[in-house]
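Printed here is final06.cif (mmCIF, C-alpha atoms; chains and numbers go by the auth columns):
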```
data_coords
loop_
_atom_site.group_PDB
_atom_site.id
_atom_site.type_symbol
_atom_site.label_atom_id
_atom_site.label_comp_id
_atom_site.label_asym_id
_atom_site.label_seq_id
_atom_site.Cartn_x
_atom_site.Cartn_y
_atom_site.Cartn_z
_atom_site.B_iso_or_equiv
_atom_site.auth_seq_id
_atom_site.auth_asym_id
ATOM 1 C CA MET A 1 -32.767 171.003 -87.116 0.00 193 O
ATOM 2 C CA ASN A 2 -36.553 170.938 -87.415 0.00 194 O
ATOM 3 C CA LEU A 3 -39.437 168.890 -88.736 0.00 195 O
ATOM 4 C CA HIS A 4 -39.824 171.081 -91.821 0.00 196 O
ATOM 5 C CA GLN A 5 -36.319 170.196 -92.916 0.00 197 O
ATOM 6 C CA PHE A 6 -37.077 166.519 -92.365 0.00 198 O
ATOM 7 C CA ARG A 7 -40.270 166.813 -94.442 0.00 199 O
ATOM 8 C CA PHE A 8 -38.303 168.439 -97.250 0.00 200 O
ATOM 9 C CA VAL A 9 -35.752 165.617 -97.261 0.00 201 O
ATOM 10 C CA GLN A 10 -38.489 162.981 -97.199 0.00 202 O
ATOM 11 C CA GLU A 11 -40.479 164.622 -99.969 0.00 203 O
ATOM 12 C CA ALA A 12 -37.392 165.142 -102.145 0.00 204 O
ATOM 13 C CA ALA A 13 -36.670 161.421 -101.872 0.00 205 O
ATOM 14 C CA ARG A 14 -40.322 160.573 -102.645 0.00 206 O
ATOM 15 C CA ARG A 15 -40.329 162.865 -105.698 0.00 207 O
ATOM 16 C CA ASN A 16 -37.284 161.267 -107.333 0.00 208 O
ATOM 17 C CA LEU A 17 -34.987 164.034 -106.076 0.00 209 O
ATOM 18 C CA ASN A 18 -36.999 166.724 -107.860 0.00 210 O
ATOM 19 C CA LEU A 19 -37.046 169.728 -105.520 0.00 211 O
ATOM 20 C CA THR A 20 -39.556 171.619 -107.653 0.00 212 O
ATOM 21 C CA GLU A 21 -42.053 168.763 -107.316 0.00 213 O
ATOM 22 C CA ALA A 22 -41.278 168.409 -103.612 0.00 214 O
ATOM 23 C CA ALA A 23 -41.922 172.127 -103.101 0.00 215 O
ATOM 24 C CA LYS A 24 -45.231 171.925 -104.979 0.00 216 O
ATOM 25 C CA ALA A 25 -46.338 168.943 -102.896 0.00 217 O
ATOM 26 C CA LEU A 26 -45.486 170.830 -99.700 0.00 218 O
ATOM 27 C CA HIS A 27 -46.982 174.139 -100.896 0.00 219 O
ATOM 28 C CA THR A 28 -43.749 176.072 -100.576 0.00 220 O
ATOM 29 C CA SER A 29 -40.990 177.439 -102.800 0.00 221 O
ATOM 30 C CA GLN A 30 -38.220 175.420 -104.396 0.00 222 O
ATOM 31 C CA PRO A 31 -35.481 177.801 -103.199 0.00 223 O
ATOM 32 C CA GLY A 32 -36.822 177.452 -99.655 0.00 224 O
ATOM 33 C CA VAL A 33 -36.671 173.660 -99.854 0.00 225 O
ATOM 34 C CA SER A 34 -33.162 173.740 -101.272 0.00 226 O
ATOM 35 C CA LYS A 35 -31.936 176.172 -98.617 0.00 227 O
ATOM 36 C CA ALA A 36 -33.506 174.175 -95.771 0.00 228 O
ATOM 37 C CA ILE A 37 -31.873 170.953 -96.964 0.00 229 O
ATOM 38 C CA ILE A 38 -28.486 172.640 -97.263 0.00 230 O
ATOM 39 C CA GLU A 39 -28.847 174.102 -93.762 0.00 231 O
ATOM 40 C CA LEU A 40 -29.724 170.651 -92.382 0.00 232 O
ATOM 41 C CA GLU A 41 -26.694 169.137 -94.095 0.00 233 O
ATOM 42 C CA GLU A 42 -24.476 171.858 -92.624 0.00 234 O
ATOM 43 C CA GLU A 43 -25.928 171.319 -89.156 0.00 235 O
ATOM 44 C CA LEU A 44 -25.453 167.550 -89.349 0.00 236 O
ATOM 45 C CA GLY A 45 -22.021 167.878 -90.956 0.00 237 O
ATOM 46 C CA VAL A 46 -22.816 165.425 -93.770 0.00 238 O
ATOM 47 C CA ASP A 47 -24.174 165.621 -97.294 0.00 239 O
ATOM 48 C CA ILE A 48 -27.547 163.906 -97.550 0.00 240 O
ATOM 49 C CA PHE A 49 -27.793 164.127 -101.324 0.00 241 O
ATOM 50 C CA VAL A 50 -25.289 163.693 -104.152 0.00 242 O
ATOM 51 C CA ARG A 51 -25.316 166.726 -106.419 0.00 243 O
ATOM 52 C CA ALA A 52 -24.337 167.401 -110.006 0.00 244 O
ATOM 53 C CA GLY A 53 -24.227 171.173 -110.032 0.00 245 O
ATOM 54 C CA LYS A 54 -27.527 172.243 -108.502 0.00 246 O
ATOM 55 C CA ARG A 55 -29.328 169.001 -109.399 0.00 247 O
ATOM 56 C CA LEU A 56 -29.791 166.187 -106.878 0.00 248 O
ATOM 57 C CA THR A 57 -28.696 162.883 -108.360 0.00 249 O
ATOM 58 C CA GLY A 58 -28.887 160.455 -105.447 0.00 250 O
ATOM 59 C CA LEU A 59 -28.562 159.839 -101.740 0.00 251 O
ATOM 60 C CA THR A 60 -25.147 159.696 -100.140 0.00 252 O
ATOM 61 C CA PRO A 61 -24.457 156.706 -97.852 0.00 253 O
ATOM 62 C CA PRO A 62 -25.147 158.891 -94.771 0.00 254 O
ATOM 63 C CA GLY A 63 -28.289 160.172 -96.495 0.00 255 O
ATOM 64 C CA ALA A 64 -29.477 156.623 -97.132 0.00 256 O
ATOM 65 C CA SER A 65 -28.969 155.875 -93.435 0.00 257 O
ATOM 66 C CA LEU A 66 -30.679 159.096 -92.403 0.00 258 O
ATOM 67 C CA LEU A 67 -33.822 158.725 -94.533 0.00 259 O
ATOM 68 C CA PRO A 68 -35.432 155.881 -92.511 0.00 260 O
ATOM 69 C CA ILE A 69 -34.744 157.817 -89.301 0.00 261 O
ATOM 70 C CA VAL A 70 -36.354 160.944 -90.771 0.00 262 O
ATOM 71 C CA GLU A 71 -39.386 158.931 -91.859 0.00 263 O
ATOM 72 C CA ARG A 72 -39.705 157.381 -88.405 0.00 264 O
ATOM 73 C CA LEU A 73 -39.412 160.784 -86.684 0.00 265 O
ATOM 74 C CA LEU A 74 -42.079 162.280 -88.933 0.00 266 O
ATOM 75 C CA LEU A 75 -44.388 159.331 -88.304 0.00 267 O
ATOM 76 C CA GLU A 76 -43.888 159.626 -84.559 0.00 268 O
ATOM 77 C CA SER A 77 -44.544 163.378 -84.671 0.00 269 O
ATOM 78 C CA GLU A 78 -47.859 162.687 -86.426 0.00 270 O
ATOM 79 C CA ASN A 79 -48.716 160.140 -83.738 0.00 271 O
ATOM 80 C CA LEU A 80 -48.368 162.827 -81.071 0.00 272 O
#
```
Output the file's structure in the form of structure tokens.
Amino acid sequence: MNLHQFRFVQEAARRNLNLTEAAKALHTSQPGVSKAIIELEEELGVDIFVRAGKRLTGLTPPGASLLPIVERLLLESENL
């Protein structure tokens, strides 16, 4: 679990679940964003996003609970 993964989750949510747009905003690749999110989900043991095939379609209930925590952690890391 790392701050990059949290940024990817936050940016995906900000960009209406569009990982290509999230990757562009973060100056990285879409496959890298997708892989990092999947690895975070595996580490946490929960799905953050609802998927239809490869497309993100929404936040799961655990994802909706996680997003404010991620945003708070990222804000606090910037405050350091």
**Message:** For this structure, which residues satisfy the selection - the PyMOL selection byres ((chain O and resi 226-243) around 9) - when it is evaluated on the file as given? I want them as an NGL selection string.
**Reply:** :O and (193-194 or 196-198 or 200-201 or 209 or 211 or 221-225 or 244-256 or 258-259)
Go ahead and write the residues just picked, C-alpha atoms, as a short mmCIF file (atom, residue, chain, number, x, y, z; two decimals), in the frame of the given file.
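For reference, part-v1.cif as written:
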```cif
data_model
loop_
_atom_site.label_atom_id
_atom_site.label_comp_id
_atom_site.auth_asym_id
_atom_site.auth_seq_id
_atom_site.Cartn_x
_atom_site.Cartn_y
_atom_site.Cartn_z
CA MET O 193 -32.77 171.00 -87.12
CA ASN O 194 -36.55 170.94 -87.42
CA HIS O 196 -39.82 171.08 -91.82
CA GLN O 197 -36.32 170.20 -92.92
CA PHE O 198 -37.08 166.52 -92.36
CA PHE O 200 -38.30 168.44 -97.25
CA VAL O 201 -35.75 165.62 -97.26
CA LEU O 209 -34.99 164.03 -106.08
CA LEU O 211 -37.05 169.73 -105.52
CA SER O 221 -40.99 177.44 -102.80
CA GLN O 222 -38.22 175.42 -104.40
CA PRO O 223 -35.48 177.80 -103.20
CA GLY O 224 -36.82 177.45 -99.66
CA VAL O 225 -36.67 173.66 -99.85
CA ALA O 244 -24.34 167.40 -110.01
CA GLY O 245 -24.23 171.17 -110.03
CA LYS O 246 -27.53 172.24 -108.50
CA ARG O 247 -29.33 169.00 -109.40
CA LEU O 248 -29.79 166.19 -106.88
CA THR O 249 -28.70 162.88 -108.36
CA GLY O 250 -28.89 160.46 -105.45
CA LEU O 251 -28.56 159.84 -101.74
CA THR O 252 -25.15 159.70 -100.14
CA PRO O 253 -24.46 156.71 -97.85
CA PRO O 254 -25.15 158.89 -94.77
CA GLY O 255 -28.29 160.17 -96.50
CA ALA O 256 -29.48 156.62 -97.13
CA LEU O 258 -30.68 159.10 -92.40
CA LEU O 259 -33.82 158.72 -94.53
#
```
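For the choices O:Ala204, O:Leu195, O:Leu272, O:Leu267, the atom-to-atom distance to O:Lys216 is smallest for O:Ala204 when using only C-alpha atoms.
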Which centre and which edge lengths, in Å to one decimal, describe the axis-aligned box that holds all listed atoms of stretch 231-238 of chain O after 6 Å is added on each side, as lines of an AutoDock Vina configuration file?
```
center_x = -25.9
center_y = 169.8
center_z = -91.6
size_x = 19.7
size_y = 20.7
size_z = 16.9
```
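Between atom CA of O:Glu203 and atom CA of O:Ala215 lies a distance of 8.3 Å.
For the pair atom CA of O:Leu266 and atom CA of O:Thr220, the interatomic distance is 18.1 Å.
The space separating atom CA of O:Glu263 from atom CA of O:His219 comes to 19.3 Å.
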